[in-house]
Amino acid sequence: MRFRALRKPLICSHVAGQLLEGRRRGLRSVGASFNLGRSYVEAELLDRGIRYEEVELDWDHIKLAYSRKRDIYAIEEGELIPLSIASEHFYKLVLVKWGKPPTLEIDGIHMHRTLDVTPDVDSEMKVSLLGDLRCNRVLDVCTGLGYTAIAALKRGACSITTIEKDENVLRLAALNPCSWELEDDRVELISGDAFEAVDEFEGEFDAVIHDPPRMSLAGSLYSLEFYLKLAKALKPDGRIVHYVGQPGIHKGRKIWKGVLERLRQAGFDVSYDERSRCVYGRKR
């Protein structure tokens, strides 16, 4: 299947602050972005609120958006709709820094590094360990917001198969302007459990990007059985990068050591890269 974005107008604290400052200065309009910086429009500043094209929003809603520094809202019929989903888990798009892609938060846990790098830099560091991807077929395990797949496109990958089982994650990705590049014709999206979905591939890919949730949420994706499946999906001498992170590091846990051992058992020559917190290497 193909990824399809939902291009709704969005507002966050940064944009709301610009609008409020324009009102304070008595301006008639302000150039503002309603898609997280992808493009800009002139928003009229009226007595009751703002307007651009068919979109209207009153000042009380704008003040609310300004007060919520991390939150992102869709504007629908003059109302604010939080970019969050409450189901078995709680999912939320979170603004990290204006001009940078948001991160996905699940039950309060960020799916990207945000303290020392932004999500785009985090993704680029991971994918850079694969080297040149020109004319390569890439398997991207756990799509998330699509940032690693997009990074692979920028490195020249000619075909990307990306797998995501969580429909709530895909719903938020569709609303995220920083995921729009997933609509590229070179990207095929599989909606399903990666543990089972990779069984259909044998010797098809030049590289694998494996960026799963932490082990406590997706233990099977860190298993020897799954690593054997990834090895089967790769061509001879195919490359792999596997984000591991550092959960429990302050308690002395170094989970990448177990990952290194199991990947070696699965037929990979691998090393650990502390900067990106990834295990990476090649299929023997």
# chains A, B, ... in the order shown; residues from 1 in each chain; ligands from 1
>>> closest_atom_pairs(of="segment 79-139 of chain A", to="segment 272-278 of chain A", cutoff="9 Å", atoms="only C-alpha atoms", output="JSON lines")
{"residue": "A:Asp122", "atom": "CA", "partner": "A:Ser276", "partner_atom": "CA", "distance": 7.1}
{"residue": "A:Ser123", "atom": "CA", "partner": "A:Ser276", "partner_atom": "CA", "distance": 8.8}
{"residue": "A:Met125", "atom": "CA", "partner": "A:Ser276", "partner_atom": "CA", "distance": 5.7}
{"residue": "A:Lys126", "atom": "CA", "partner": "A:Ser276", "partner_atom": "CA", "distance": 5.9}
{"residue": "A:Leu129", "atom": "CA", "partner": "A:Cys278", "partner_atom": "CA", "distance": 8.7}
>>> select_by_dssp(residues="segment 41-170 of chain A", states="strand (DSSP E or B)", output="PyMOL selection string")
chain A and resi 41-45+49-52+55-58+72-76+79-82+84-86+90-94+103-106+109-110+137-141+159-164
>>> residues_around(residues="Ala151 of chain A", least_positions_apart="3", cutoff="8 Å", atoms="only C-alpha atoms", output="list in words")
Ser123, Glu124, Val127, Tyr147, Thr148, Lys154 and Arg155 of chain A
>>> closest_residue(among="A:Asn136, A:Thr114, A:Ser223, A:Asn176", to="Arg38 of chain A", atoms="only C-alpha atoms")
A:Asn176
>>> closest_residue(among="A:Phe34, A:Tyr66, A:Phe205, A:Tyr243", to="Leu139 of chain A", atoms="only C-alpha atoms")
A:Phe205
>>> closest_residue(among="A:Ile11, A:Val94, A:Cys158, A:Val117", to="Leu80 of chain A", atoms="only C-alpha atoms")
A:Ile11
>>> residues_around(residues="Gly192 of chain A", least_positions_apart="5", cutoff="8 Å", atoms="only C-alpha atoms", output="PyMOL selection string")
chain A and resi 163-166+197
>>> atom_distance(atom1="atom CA of Trp98 of chain A", atom2="atom CA of Val15 of chain A")
9.1 Å
>>> closest_residue(among="A:Cys142, A:Leu93, A:Ile109, A:Pro177", to="Pro9 of chain A", atoms="only C-alpha atoms")
A:Pro177
>>> residues_around(residues="Pro119 of chain A", least_positions_apart="5", cutoff="9 Å", atoms="only C-alpha atoms", output="VMD selection string")
chain A and resid 96 100 to 103 111 to 114 124 147
>>> select_by_dssp(residues="segment 62-232 of chain A", states="alpha helix (DSSP H)", output="MDAnalysis selection string")
chainID A and resid 62:67 119:128 147:154 167:175 194:197 224:232
>>> atom_distance(atom1="atom CA of Leu228 of chain A", atom2="atom CA of Val279 of chain A")
15.5 Å
>>> closest_residue(among="A:Leu10, A:Ala231, A:Val141, A:Val30", to="Leu95 of chain A", atoms="only C-alpha atoms")
A:Leu10
>>> closest_residue(among="A:Glu56, A:Asp140, A:Glu196, A:Glu88", to="Ile209 of chain A", atoms="only C-alpha atoms")
A:Asp140
>>> residues_around(residues="Leu57 of chain A", least_positions_apart="2", cutoff="10 Å", atoms="only C-alpha atoms", output="list in words")
Leu46, Arg48, Gly49, Ile50, Arg51, Tyr52, Val55, Trp59, Asp60, His61, Ile62, Ile75, Glu76, Glu77, Gly78, Glu79 and Leu80 of chain A
>>> residues_around(residues="Lys8 of chain A", least_positions_apart="4", cutoff="8 Å", atoms="only C-alpha atoms", output="ChimeraX atom specification")
/A:35,74-75,175
